[in-house]
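Coordinates as given in entry-v7.txt (compact mmCIF, N, CA and C atoms):
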```
# COMPACT_ATOMS: atom_id res chain seq x y z
N MET A 65 17.27 84.91 142.27
CA MET A 65 16.59 84.27 141.18
C MET A 65 16.61 85.15 139.94
N LEU A 66 16.41 86.43 140.17
CA LEU A 66 16.45 87.37 139.04
C LEU A 66 17.83 87.39 138.40
N ASP A 67 18.87 87.33 139.22
CA ASP A 67 20.24 87.29 138.67
C ASP A 67 20.45 86.05 137.81
N VAL A 68 19.90 84.92 138.24
CA VAL A 68 20.03 83.69 137.45
C VAL A 68 19.30 83.85 136.13
N GLU A 69 18.09 84.41 136.18
CA GLU A 69 17.32 84.62 134.95
C GLU A 69 18.06 85.54 133.98
N LEU A 70 18.61 86.61 134.51
CA LEU A 70 19.34 87.55 133.66
C LEU A 70 20.62 86.93 133.10
N SER A 71 21.27 86.08 133.88
CA SER A 71 22.46 85.38 133.40
C SER A 71 22.09 84.43 132.25
N ILE A 72 20.98 83.76 132.40
CA ILE A 72 20.52 82.86 131.33
C ILE A 72 20.27 83.67 130.06
N ARG A 73 19.60 84.78 130.21
CA ARG A 73 19.33 85.63 129.05
C ARG A 73 20.64 86.09 128.40
N GLY A 74 21.62 86.46 129.23
CA GLY A 74 22.90 86.93 128.72
C GLY A 74 23.66 85.85 127.97
N ILE A 75 23.66 84.65 128.52
CA ILE A 75 24.35 83.53 127.85
C ILE A 75 23.70 83.25 126.50
N LEU A 76 22.37 83.20 126.50
CA LEU A 76 21.67 82.91 125.25
C LEU A 76 21.88 84.02 124.22
N ARG A 77 21.95 85.25 124.68
CA ARG A 77 22.16 86.37 123.76
C ARG A 77 23.51 86.23 123.05
N GLY A 78 24.50 85.69 123.75
CA GLY A 78 25.80 85.45 123.15
C GLY A 78 25.74 84.46 121.99
N TYR A 79 24.73 83.62 122.00
CA TYR A 79 24.53 82.66 120.91
C TYR A 79 23.51 83.17 119.89
N GLY A 80 23.09 84.41 120.04
CA GLY A 80 22.12 84.98 119.11
C GLY A 80 20.69 84.59 119.39
N LEU A 81 20.41 84.06 120.58
CA LEU A 81 19.06 83.64 120.95
C LEU A 81 18.47 84.67 121.91
N LYS A 82 17.33 85.22 121.56
CA LYS A 82 16.69 86.21 122.41
C LYS A 82 15.43 85.61 123.03
N VAL A 83 15.30 85.78 124.32
CA VAL A 83 14.16 85.23 125.06
C VAL A 83 12.92 86.08 124.83
N GLY A 84 13.07 87.39 124.86
CA GLY A 84 11.93 88.30 124.72
C GLY A 84 11.15 88.39 126.02
N GLU A 85 10.02 89.05 125.95
CA GLU A 85 9.17 89.19 127.13
C GLU A 85 8.42 87.89 127.35
N VAL A 86 8.54 87.38 128.55
CA VAL A 86 7.90 86.11 128.89
C VAL A 86 7.55 86.13 130.38
N SER A 87 6.44 85.53 130.74
CA SER A 87 6.01 85.52 132.13
C SER A 87 6.91 84.59 132.94
N ARG A 88 6.87 84.75 134.24
CA ARG A 88 7.70 83.91 135.12
C ARG A 88 7.33 82.44 134.97
N GLY A 89 6.07 82.13 134.82
CA GLY A 89 5.63 80.75 134.68
C GLY A 89 6.02 80.13 133.35
N ARG A 90 6.15 80.93 132.33
CA ARG A 90 6.46 80.42 130.98
C ARG A 90 7.97 80.50 130.68
N PHE A 91 8.76 81.09 131.60
CA PHE A 91 10.18 81.32 131.37
C PHE A 91 10.94 80.03 131.05
N GLU A 92 10.78 79.02 131.89
CA GLU A 92 11.53 77.78 131.69
C GLU A 92 11.19 77.11 130.37
N ALA A 93 9.92 77.09 130.01
CA ALA A 93 9.51 76.47 128.75
C ALA A 93 10.13 77.21 127.57
N ARG A 94 10.17 78.53 127.63
CA ARG A 94 10.75 79.33 126.55
C ARG A 94 12.25 79.06 126.42
N ILE A 95 12.92 78.95 127.55
CA ILE A 95 14.36 78.70 127.54
C ILE A 95 14.64 77.32 126.96
N ARG A 96 13.89 76.34 127.39
CA ARG A 96 14.09 74.98 126.86
C ARG A 96 13.81 74.92 125.36
N GLU A 97 12.84 75.70 124.93
CA GLU A 97 12.52 75.79 123.50
C GLU A 97 13.70 76.36 122.72
N LEU A 98 14.33 77.40 123.27
CA LEU A 98 15.46 78.03 122.59
C LEU A 98 16.71 77.16 122.58
N THR A 99 16.92 76.38 123.66
CA THR A 99 18.15 75.59 123.76
C THR A 99 18.02 74.19 123.15
N ALA A 100 16.85 73.83 122.71
CA ALA A 100 16.65 72.49 122.14
C ALA A 100 17.59 72.28 120.95
N GLY A 101 18.30 71.16 120.98
CA GLY A 101 19.21 70.84 119.90
C GLY A 101 20.64 71.31 120.10
N HIS A 102 20.89 72.11 121.11
CA HIS A 102 22.24 72.59 121.44
C HIS A 102 22.69 71.86 122.70
N ALA A 103 23.47 70.82 122.56
CA ALA A 103 23.84 69.97 123.69
C ALA A 103 24.54 70.74 124.81
N ILE A 104 25.49 71.60 124.46
CA ILE A 104 26.23 72.36 125.48
C ILE A 104 25.30 73.33 126.19
N LEU A 105 24.49 74.04 125.42
CA LEU A 105 23.55 74.98 126.03
C LEU A 105 22.54 74.25 126.92
N GLU A 106 22.06 73.10 126.46
CA GLU A 106 21.10 72.35 127.27
C GLU A 106 21.71 71.96 128.61
N ALA A 107 22.98 71.57 128.62
CA ALA A 107 23.64 71.17 129.87
C ALA A 107 23.84 72.37 130.80
N VAL A 108 24.39 73.45 130.26
CA VAL A 108 24.68 74.62 131.08
C VAL A 108 23.40 75.29 131.56
N ILE A 109 22.52 75.55 130.63
CA ILE A 109 21.28 76.25 130.98
C ILE A 109 20.38 75.35 131.82
N GLY A 110 20.43 74.05 131.59
CA GLY A 110 19.64 73.11 132.41
C GLY A 110 20.02 73.21 133.88
N ALA A 111 21.32 73.29 134.15
CA ALA A 111 21.79 73.44 135.53
C ALA A 111 21.33 74.77 136.12
N MET A 112 21.37 75.81 135.31
CA MET A 112 20.93 77.14 135.79
C MET A 112 19.43 77.15 136.04
N LEU A 113 18.67 76.45 135.21
CA LEU A 113 17.22 76.37 135.42
C LEU A 113 16.90 75.57 136.69
N ALA A 114 17.71 74.55 136.98
CA ALA A 114 17.53 73.79 138.22
C ALA A 114 17.81 74.68 139.43
N ALA A 115 18.84 75.51 139.34
CA ALA A 115 19.15 76.44 140.43
C ALA A 115 18.03 77.46 140.59
N ARG A 116 17.51 77.95 139.47
CA ARG A 116 16.39 78.89 139.51
C ARG A 116 15.18 78.28 140.19
N MET A 117 14.88 77.02 139.88
CA MET A 117 13.74 76.34 140.48
C MET A 117 13.94 76.16 141.98
N ALA A 118 15.16 75.81 142.39
CA ALA A 118 15.45 75.66 143.81
C ALA A 118 15.27 76.98 144.54
N LEU A 119 15.75 78.06 143.94
CA LEU A 119 15.57 79.39 144.55
C LEU A 119 14.10 79.75 144.65
N TRP A 120 13.34 79.46 143.61
CA TRP A 120 11.90 79.76 143.61
C TRP A 120 11.18 78.96 144.70
N ASN A 121 11.53 77.67 144.83
CA ASN A 121 10.90 76.84 145.86
C ASN A 121 11.20 77.36 147.26
N GLU A 122 12.45 77.74 147.50
CA GLU A 122 12.81 78.30 148.81
C GLU A 122 12.11 79.62 149.07
N PHE A 123 12.02 80.46 148.04
CA PHE A 123 11.33 81.74 148.19
C PHE A 123 9.86 81.52 148.55
N THR A 124 9.19 80.63 147.84
CA THR A 124 7.76 80.42 148.11
C THR A 124 7.56 79.84 149.51
N TRP A 125 8.46 78.94 149.95
CA TRP A 125 8.35 78.39 151.30
C TRP A 125 8.52 79.50 152.34
N LEU A 126 9.54 80.32 152.15
CA LEU A 126 9.81 81.41 153.09
C LEU A 126 8.65 82.41 153.12
N HIS A 127 8.09 82.69 151.95
CA HIS A 127 6.96 83.62 151.87
C HIS A 127 5.75 83.07 152.63
N ARG A 128 5.46 81.79 152.46
CA ARG A 128 4.33 81.18 153.18
C ARG A 128 4.54 81.24 154.69
N GLU A 129 5.78 80.98 155.13
CA GLU A 129 6.08 81.05 156.56
C GLU A 129 5.89 82.47 157.09
N MET A 130 6.32 83.46 156.32
CA MET A 130 6.16 84.85 156.72
C MET A 130 4.67 85.18 156.86
N LEU A 131 3.86 84.72 155.91
CA LEU A 131 2.42 84.98 155.97
C LEU A 131 1.80 84.32 157.20
N LYS A 132 2.23 83.12 157.54
CA LYS A 132 1.71 82.45 158.73
C LYS A 132 2.01 83.26 159.98
N ILE A 133 3.24 83.76 160.07
CA ILE A 133 3.63 84.56 161.24
C ILE A 133 2.80 85.83 161.31
N ALA A 134 2.65 86.51 160.19
CA ALA A 134 1.90 87.78 160.17
C ALA A 134 0.43 87.55 160.50
N ARG A 135 -0.15 86.48 159.99
CA ARG A 135 -1.57 86.20 160.26
C ARG A 135 -1.82 85.81 161.71
N ALA A 136 -0.81 85.24 162.36
CA ALA A 136 -0.97 84.82 163.76
C ALA A 136 -0.84 85.98 164.73
N ASP A 137 -0.29 87.09 164.31
CA ASP A 137 -0.07 88.25 165.18
C ASP A 137 -1.18 89.28 164.96
N MET A 138 -1.89 89.60 166.01
CA MET A 138 -3.03 90.53 165.90
C MET A 138 -2.58 91.93 165.49
N VAL A 139 -1.43 92.38 165.96
CA VAL A 139 -0.94 93.71 165.59
C VAL A 139 -0.62 93.75 164.10
N CYS A 140 0.02 92.72 163.60
CA CYS A 140 0.34 92.65 162.17
C CYS A 140 -0.93 92.61 161.34
N ARG A 141 -1.91 91.86 161.81
CA ARG A 141 -3.18 91.78 161.07
C ARG A 141 -3.85 93.15 161.00
N ARG A 142 -3.78 93.91 162.09
CA ARG A 142 -4.35 95.24 162.08
C ARG A 142 -3.57 96.17 161.16
N LEU A 143 -2.26 96.08 161.20
CA LEU A 143 -1.43 96.91 160.31
C LEU A 143 -1.71 96.60 158.85
N MET A 144 -1.98 95.34 158.53
CA MET A 144 -2.21 94.95 157.14
C MET A 144 -3.56 95.43 156.61
N THR A 145 -4.42 95.95 157.47
CA THR A 145 -5.67 96.52 156.97
C THR A 145 -5.44 97.89 156.33
N THR A 146 -4.27 98.48 156.57
CA THR A 146 -3.91 99.76 155.96
C THR A 146 -3.53 99.52 154.50
N PRO A 147 -4.07 100.31 153.58
CA PRO A 147 -3.72 100.12 152.16
C PRO A 147 -2.21 100.25 151.94
N GLY A 148 -1.65 99.32 151.20
CA GLY A 148 -0.24 99.34 150.88
C GLY A 148 0.64 98.65 151.89
N VAL A 149 0.08 98.19 152.99
CA VAL A 149 0.86 97.50 154.01
C VAL A 149 0.57 96.01 153.92
N GLY A 150 1.59 95.25 153.56
CA GLY A 150 1.47 93.80 153.46
C GLY A 150 2.14 93.14 154.65
N ALA A 151 2.29 91.85 154.54
CA ALA A 151 2.87 91.08 155.63
C ALA A 151 4.30 91.50 155.94
N LEU A 152 5.10 91.72 154.92
CA LEU A 152 6.51 92.08 155.14
C LEU A 152 6.65 93.41 155.85
N VAL A 153 5.90 94.41 155.41
CA VAL A 153 5.96 95.73 156.05
C VAL A 153 5.45 95.64 157.48
N ALA A 154 4.36 94.92 157.68
CA ALA A 154 3.79 94.79 159.02
C ALA A 154 4.76 94.11 159.97
N LEU A 155 5.39 93.03 159.52
CA LEU A 155 6.35 92.34 160.38
C LEU A 155 7.59 93.18 160.65
N THR A 156 8.04 93.90 159.65
CA THR A 156 9.21 94.76 159.83
C THR A 156 8.91 95.85 160.85
N TYR A 157 7.75 96.48 160.70
CA TYR A 157 7.36 97.54 161.63
C TYR A 157 7.18 96.98 163.03
N ARG A 158 6.51 95.85 163.12
CA ARG A 158 6.25 95.23 164.42
C ARG A 158 7.54 94.85 165.13
N SER A 159 8.50 94.32 164.41
CA SER A 159 9.75 93.92 165.04
C SER A 159 10.63 95.12 165.40
N ALA A 160 10.52 96.20 164.63
CA ALA A 160 11.34 97.38 164.91
C ALA A 160 10.77 98.17 166.08
N VAL A 161 9.46 98.28 166.15
CA VAL A 161 8.84 99.06 167.22
C VAL A 161 8.75 98.24 168.50
N ASP A 162 8.53 96.98 168.42
CA ASP A 162 8.40 95.99 169.48
C ASP A 162 7.66 96.49 170.73
N ASP A 163 8.05 97.59 171.32
CA ASP A 163 7.37 98.12 172.51
C ASP A 163 6.97 99.57 172.24
N PRO A 164 5.71 99.81 171.84
CA PRO A 164 5.28 101.17 171.49
C PRO A 164 5.39 102.17 172.63
N SER A 165 5.42 101.70 173.87
CA SER A 165 5.49 102.63 175.01
C SER A 165 6.83 103.36 175.06
N ARG A 166 7.82 102.91 174.29
CA ARG A 166 9.11 103.60 174.23
C ARG A 166 8.98 104.98 173.60
N PHE A 167 7.93 105.16 172.80
CA PHE A 167 7.75 106.41 172.07
C PHE A 167 6.66 107.24 172.75
N GLY A 168 7.03 108.45 173.16
CA GLY A 168 6.08 109.32 173.84
C GLY A 168 4.98 109.82 172.90
N LYS A 169 5.34 110.10 171.66
CA LYS A 169 4.39 110.59 170.67
C LYS A 169 4.55 109.76 169.40
N SER A 170 3.51 109.74 168.60
CA SER A 170 3.60 108.98 167.35
C SER A 170 4.62 109.58 166.39
N ALA A 171 4.86 110.88 166.47
CA ALA A 171 5.85 111.53 165.62
C ALA A 171 7.26 111.03 165.93
N ALA A 172 7.50 110.61 167.14
CA ALA A 172 8.81 110.08 167.51
C ALA A 172 9.08 108.76 166.81
N THR A 173 8.04 108.03 166.49
CA THR A 173 8.22 106.77 165.76
C THR A 173 8.78 107.04 164.38
N GLY A 174 8.26 108.05 163.70
CA GLY A 174 8.76 108.42 162.39
C GLY A 174 10.22 108.84 162.43
N ALA A 175 10.59 109.60 163.45
CA ALA A 175 11.97 110.04 163.60
C ALA A 175 12.89 108.84 163.87
N TYR A 176 12.38 107.84 164.57
CA TYR A 176 13.16 106.64 164.87
C TYR A 176 13.56 105.92 163.59
N PHE A 177 12.64 105.91 162.62
CA PHE A 177 12.91 105.22 161.35
C PHE A 177 13.65 106.12 160.36
N GLY A 178 13.79 107.38 160.68
CA GLY A 178 14.55 108.29 159.83
C GLY A 178 13.69 108.84 158.74
```
The structure given in the file should be rewritten as structure tokens.
Amino acid sequence: MLDVELSIRGILRGYGLKVGEVSRGRFEARIRELTAGHAILEAVIGAMLAARMALWNEFTWLHREMLKIARADMVCRRLMTTPGVGALVALTYRSAVDDPSRFGKSAATGAYFG
């Protein structure tokens, strides 16, 4: 999604249009504002904005599913009580360690991850 956003910015810059700093929620409105009246830009950038929206929708769906999985697992929920550990880190750790009895000492876990 970030690549699409940066590509949009690059294309517009070629036409002398600068997006500037804009929030993720306001990005599409700003782009449409800049491309208004330019038929070719509206067509090209419109398709890119549609792709960006599809990527965002898939990302949010995947993120919600990840949160459901993490919340359903008691080990992940306990790991997430540690400051700085979110659902992604907890699930990654949980899936990599899978069976803690493989490690004789906690220091061996750190060595396993390098």
So that I can see what lies close to region 116-130 of chain A, please list as a compact mmCIF listing (two decimals) with N, CA and C atoms, keeping the file's coordinate frame the residues with an atom at most 7 Å from it, counting all atoms listed in the file and leaving out residues fewer than 4 positions away in the same chain.
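Writing the result to part16.txt gives the following:
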```
# COMPACT_ATOMS: atom_id res chain seq x y z
N MET A 65 17.27 84.91 142.27
CA MET A 65 16.59 84.27 141.18
C MET A 65 16.61 85.15 139.94
N VAL A 68 19.90 84.92 138.24
CA VAL A 68 20.03 83.69 137.45
C VAL A 68 19.30 83.85 136.13
N GLU A 69 18.09 84.41 136.18
CA GLU A 69 17.32 84.62 134.95
C GLU A 69 18.06 85.54 133.98
N ALA A 111 21.32 73.29 134.15
CA ALA A 111 21.79 73.44 135.53
C ALA A 111 21.33 74.77 136.12
N MET A 112 21.37 75.81 135.31
CA MET A 112 20.93 77.14 135.79
C MET A 112 19.43 77.15 136.04
N ALA A 134 2.65 86.51 160.19
CA ALA A 134 1.90 87.78 160.17
C ALA A 134 0.43 87.55 160.50
N ARG A 135 -0.15 86.48 159.99
CA ARG A 135 -1.57 86.20 160.26
C ARG A 135 -1.82 85.81 161.71
N ALA A 151 2.29 91.85 154.54
CA ALA A 151 2.87 91.08 155.63
C ALA A 151 4.30 91.50 155.94
N LEU A 152 5.10 91.72 154.92
CA LEU A 152 6.51 92.08 155.14
C LEU A 152 6.65 93.41 155.85
```
Would you return as an MDAnalysis selection string the members of chain A that DSSP assigns to alpha helix (DSSP H) on this structure's backbone?
chainID A and resid 66:78 91:99 103:136 138:143 151:161 170:177
Write out as AutoDock Vina command-line options an axis-aligned box for region 132-142 of chain A: all of its atoms listed in the file, 3 Å added on each side, centre and edge lengths in Å with one decimal.
```
--center_x -0.4 --center_y 89.3 --center_z 161.8 --size_x 14.0 --size_y 19.7 --size_z 14.5
```
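Distances here use only C-alpha atoms; by that measure, the residue among A:Leu66, A:Ala154, A:Ala160, A:Leu76 closest to Leu98 (chain A) is A:Leu76.
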Using all atoms listed in the file, collect all residues at a distance of at most 5 Å from (19.6, 79.0, 133.1) as written in the file, then present them as a PDB file with N, CA and C atoms, in the frame of the given file.
```
ATOM      1  N   ILE A  72      20.980  83.760 132.400  1.00  0.00           N
ATOM      2  CA  ILE A  72      20.520  82.860 131.330  1.00  0.00           C
ATOM      3  C   ILE A  72      20.270  83.670 130.060  1.00  0.00           C
ATOM      4  N   ILE A 109      22.520  75.550 130.630  1.00  0.00           N
ATOM      5  CA  ILE A 109      21.280  76.250 130.980  1.00  0.00           C
ATOM      6  C   ILE A 109      20.380  75.350 131.820  1.00  0.00           C
ATOM      7  N   MET A 112      21.370  75.810 135.310  1.00  0.00           N
ATOM      8  CA  MET A 112      20.930  77.140 135.790  1.00  0.00           C
ATOM      9  C   MET A 112      19.430  77.150 136.040  1.00  0.00           C
ATOM     10  N   LEU A 113      18.670  76.450 135.210  1.00  0.00           N
ATOM     11  CA  LEU A 113      17.220  76.370 135.420  1.00  0.00           C
ATOM     12  C   LEU A 113      16.900  75.570 136.690  1.00  0.00           C
TER      13      LEU A 113
END
```
Tell me, in Å to one decimal, how far atom N of Val139 (chain A) is from CA of Ala175 (chain A).
22.3 Å
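With only C-alpha atoms as the atoms that count, the minimum distance from Gly80 (chain A) to the choices A:Thr99, A:Ser165, A:Thr146, A:Ser170 is reached by A:Thr99.
Of note, atom C of Cys140 (chain A) and atom N of Ala171 (chain A) are spaced 19.8 Å apart.
For the pair CA of Ser87 (chain A) and CA of Thr145 (chain A), the interatomic distance is 29.6 Å.
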Counting only N, CA and C atoms, what is within 8 Å of Leu143 (chain A), bar same-chain residues fewer than 6 positions away, as a ChimeraX atom specification?
/A:137,149-151,153-155
With N, CA, C and O atoms retained, output region 154-176 of chain A as a PDB file, in the first residue's frame.
```
ATOM      1  N   ALA A 154       3.568 -11.554  19.723  1.00  0.00           N
ATOM      2  CA  ALA A 154       3.137 -12.689  20.545  1.00  0.00           C
ATOM      3  C   ALA A 154       2.890 -13.925  19.686  1.00  0.00           C
ATOM      4  O   ALA A 154       3.331 -15.029  20.034  1.00  0.00           O
ATOM      5  N   LEU A 155       2.205 -13.754  18.567  1.00  0.00           N
ATOM      6  CA  LEU A 155       1.946 -14.900  17.687  1.00  0.00           C
ATOM      7  C   LEU A 155       3.221 -15.433  17.049  1.00  0.00           C
ATOM      8  O   LEU A 155       3.389 -16.646  16.902  1.00  0.00           O
ATOM      9  N   THR A 156       4.117 -14.548  16.684  1.00  0.00           N
ATOM     10  CA  THR A 156       5.386 -14.972  16.095  1.00  0.00           C
ATOM     11  C   THR A 156       6.192 -15.782  17.102  1.00  0.00           C
ATOM     12  O   THR A 156       6.715 -16.860  16.795  1.00  0.00           O
ATOM     13  N   TYR A 157       6.271 -15.271  18.326  1.00  0.00           N
ATOM     14  CA  TYR A 157       7.012 -15.969  19.376  1.00  0.00           C
ATOM     15  C   TYR A 157       6.356 -17.306  19.686  1.00  0.00           C
ATOM     16  O   TYR A 157       7.020 -18.337  19.795  1.00  0.00           O
ATOM     17  N   ARG A 158       5.049 -17.290  19.810  1.00  0.00           N
ATOM     18  CA  ARG A 158       4.306 -18.508  20.148  1.00  0.00           C
ATOM     19  C   ARG A 158       4.489 -19.578  19.077  1.00  0.00           C
ATOM     20  O   ARG A 158       4.681 -20.759  19.388  1.00  0.00           O
ATOM     21  N   SER A 159       4.450 -19.194  17.820  1.00  0.00           N
ATOM     22  CA  SER A 159       4.592 -20.178  16.751  1.00  0.00           C
ATOM     23  C   SER A 159       6.034 -20.672  16.615  1.00  0.00           C
ATOM     24  O   SER A 159       6.266 -21.819  16.246  1.00  0.00           O
ATOM     25  N   ALA A 160       6.997 -19.821  16.935  1.00  0.00           N
ATOM     26  CA  ALA A 160       8.401 -20.232  16.819  1.00  0.00           C
ATOM     27  C   ALA A 160       8.815 -21.127  17.973  1.00  0.00           C
ATOM     28  O   ALA A 160       9.541 -22.103  17.778  1.00  0.00           O
ATOM     29  N   VAL A 161       8.345 -20.822  19.169  1.00  0.00           N
ATOM     30  CA  VAL A 161       8.736 -21.612  20.339  1.00  0.00           C
ATOM     31  C   VAL A 161       7.891 -22.878  20.429  1.00  0.00           C
ATOM     32  O   VAL A 161       8.379 -23.923  20.829  1.00  0.00           O
ATOM     33  N   ASP A 162       6.663 -22.839  20.059  1.00  0.00           N
ATOM     34  CA  ASP A 162       5.658 -23.897  20.055  1.00  0.00           C
ATOM     35  C   ASP A 162       5.730 -24.840  21.262  1.00  0.00           C
ATOM     36  O   ASP A 162       4.754 -25.028  21.950  1.00  0.00           O
ATOM     37  N   ASP A 163       6.860 -25.432  21.563  1.00  0.00           N
ATOM     38  CA  ASP A 163       6.991 -26.340  22.710  1.00  0.00           C
ATOM     39  C   ASP A 163       8.147 -25.862  23.587  1.00  0.00           C
ATOM     40  O   ASP A 163       9.309 -26.175  23.327  1.00  0.00           O
ATOM     41  N   PRO A 164       7.843 -25.102  24.664  1.00  0.00           N
ATOM     42  CA  PRO A 164       8.902 -24.541  25.499  1.00  0.00           C
ATOM     43  C   PRO A 164       9.796 -25.591  26.161  1.00  0.00           C
ATOM     44  O   PRO A 164      10.930 -25.298  26.526  1.00  0.00           O
ATOM     45  N   SER A 165       9.324 -26.824  26.291  1.00  0.00           N
ATOM     46  CA  SER A 165      10.137 -27.860  26.948  1.00  0.00           C
ATOM     47  C   SER A 165      11.366 -28.228  26.113  1.00  0.00           C
ATOM     48  O   SER A 165      12.279 -28.877  26.626  1.00  0.00           O
ATOM     49  N   ARG A 166      11.415 -27.795  24.854  1.00  0.00           N
ATOM     50  CA  ARG A 166      12.596 -28.047  24.012  1.00  0.00           C
ATOM     51  C   ARG A 166      13.816 -27.298  24.528  1.00  0.00           C
ATOM     52  O   ARG A 166      14.936 -27.650  24.235  1.00  0.00           O
ATOM     53  N   PHE A 167      13.576 -26.226  25.280  1.00  0.00           N
ATOM     54  CA  PHE A 167      14.660 -25.377  25.759  1.00  0.00           C
ATOM     55  C   PHE A 167      14.909 -25.667  27.240  1.00  0.00           C
ATOM     56  O   PHE A 167      14.009 -25.528  28.062  1.00  0.00           O
ATOM     57  N   GLY A 168      16.137 -26.062  27.555  1.00  0.00           N
ATOM     58  CA  GLY A 168      16.488 -26.386  28.933  1.00  0.00           C
ATOM     59  C   GLY A 168      16.513 -25.140  29.818  1.00  0.00           C
ATOM     60  O   GLY A 168      16.123 -25.193  30.983  1.00  0.00           O
ATOM     61  N   LYS A 169      16.984 -24.025  29.278  1.00  0.00           N
ATOM     62  CA  LYS A 169      17.069 -22.773  30.015  1.00  0.00           C
ATOM     63  C   LYS A 169      16.457 -21.671  29.165  1.00  0.00           C
ATOM     64  O   LYS A 169      16.418 -21.759  27.934  1.00  0.00           O
ATOM     65  N   SER A 170      16.030 -20.614  29.827  1.00  0.00           N
ATOM     66  CA  SER A 170      15.448 -19.499  29.074  1.00  0.00           C
ATOM     67  C   SER A 170      16.475 -18.823  28.174  1.00  0.00           C
ATOM     68  O   SER A 170      16.130 -18.310  27.108  1.00  0.00           O
ATOM     69  N   ALA A 171      17.747 -18.865  28.545  1.00  0.00           N
ATOM     70  CA  ALA A 171      18.798 -18.276  27.726  1.00  0.00           C
ATOM     71  C   ALA A 171      18.929 -19.004  26.385  1.00  0.00           C
ATOM     72  O   ALA A 171      19.306 -18.400  25.366  1.00  0.00           O
ATOM     73  N   ALA A 172      18.596 -20.260  26.347  1.00  0.00           N
ATOM     74  CA  ALA A 172      18.659 -21.026  25.102  1.00  0.00           C
ATOM     75  C   ALA A 172      17.613 -20.532  24.109  1.00  0.00           C
ATOM     76  O   ALA A 172      17.814 -20.635  22.896  1.00  0.00           O
ATOM     77  N   THR A 173      16.530 -19.991  24.602  1.00  0.00           N
ATOM     78  CA  THR A 173      15.502 -19.441  23.712  1.00  0.00           C
ATOM     79  C   THR A 173      16.064 -18.251  22.947  1.00  0.00           C
ATOM     80  O   THR A 173      15.848 -18.124  21.744  1.00  0.00           O
ATOM     81  N   GLY A 174      16.784 -17.375  23.634  1.00  0.00           N
ATOM     82  CA  GLY A 174      17.395 -16.233  22.982  1.00  0.00           C
ATOM     83  C   GLY A 174      18.399 -16.646  21.921  1.00  0.00           C
ATOM     84  O   GLY A 174      18.453 -16.066  20.842  1.00  0.00           O
ATOM     85  N   ALA A 175      19.190 -17.663  22.214  1.00  0.00           N
ATOM     86  CA  ALA A 175      20.172 -18.164  21.250  1.00  0.00           C
ATOM     87  C   ALA A 175      19.467 -18.768  20.026  1.00  0.00           C
ATOM     88  O   ALA A 175      19.947 -18.658  18.911  1.00  0.00           O
ATOM     89  N   TYR A 176      18.304 -19.379  20.250  1.00  0.00           N
ATOM     90  CA  TYR A 176      17.536 -19.977  19.156  1.00  0.00           C
ATOM     91  C   TYR A 176      17.122 -18.912  18.141  1.00  0.00           C
ATOM     92  O   TYR A 176      17.144 -19.130  16.940  1.00  0.00           O
TER      93      TYR A 176
END
```
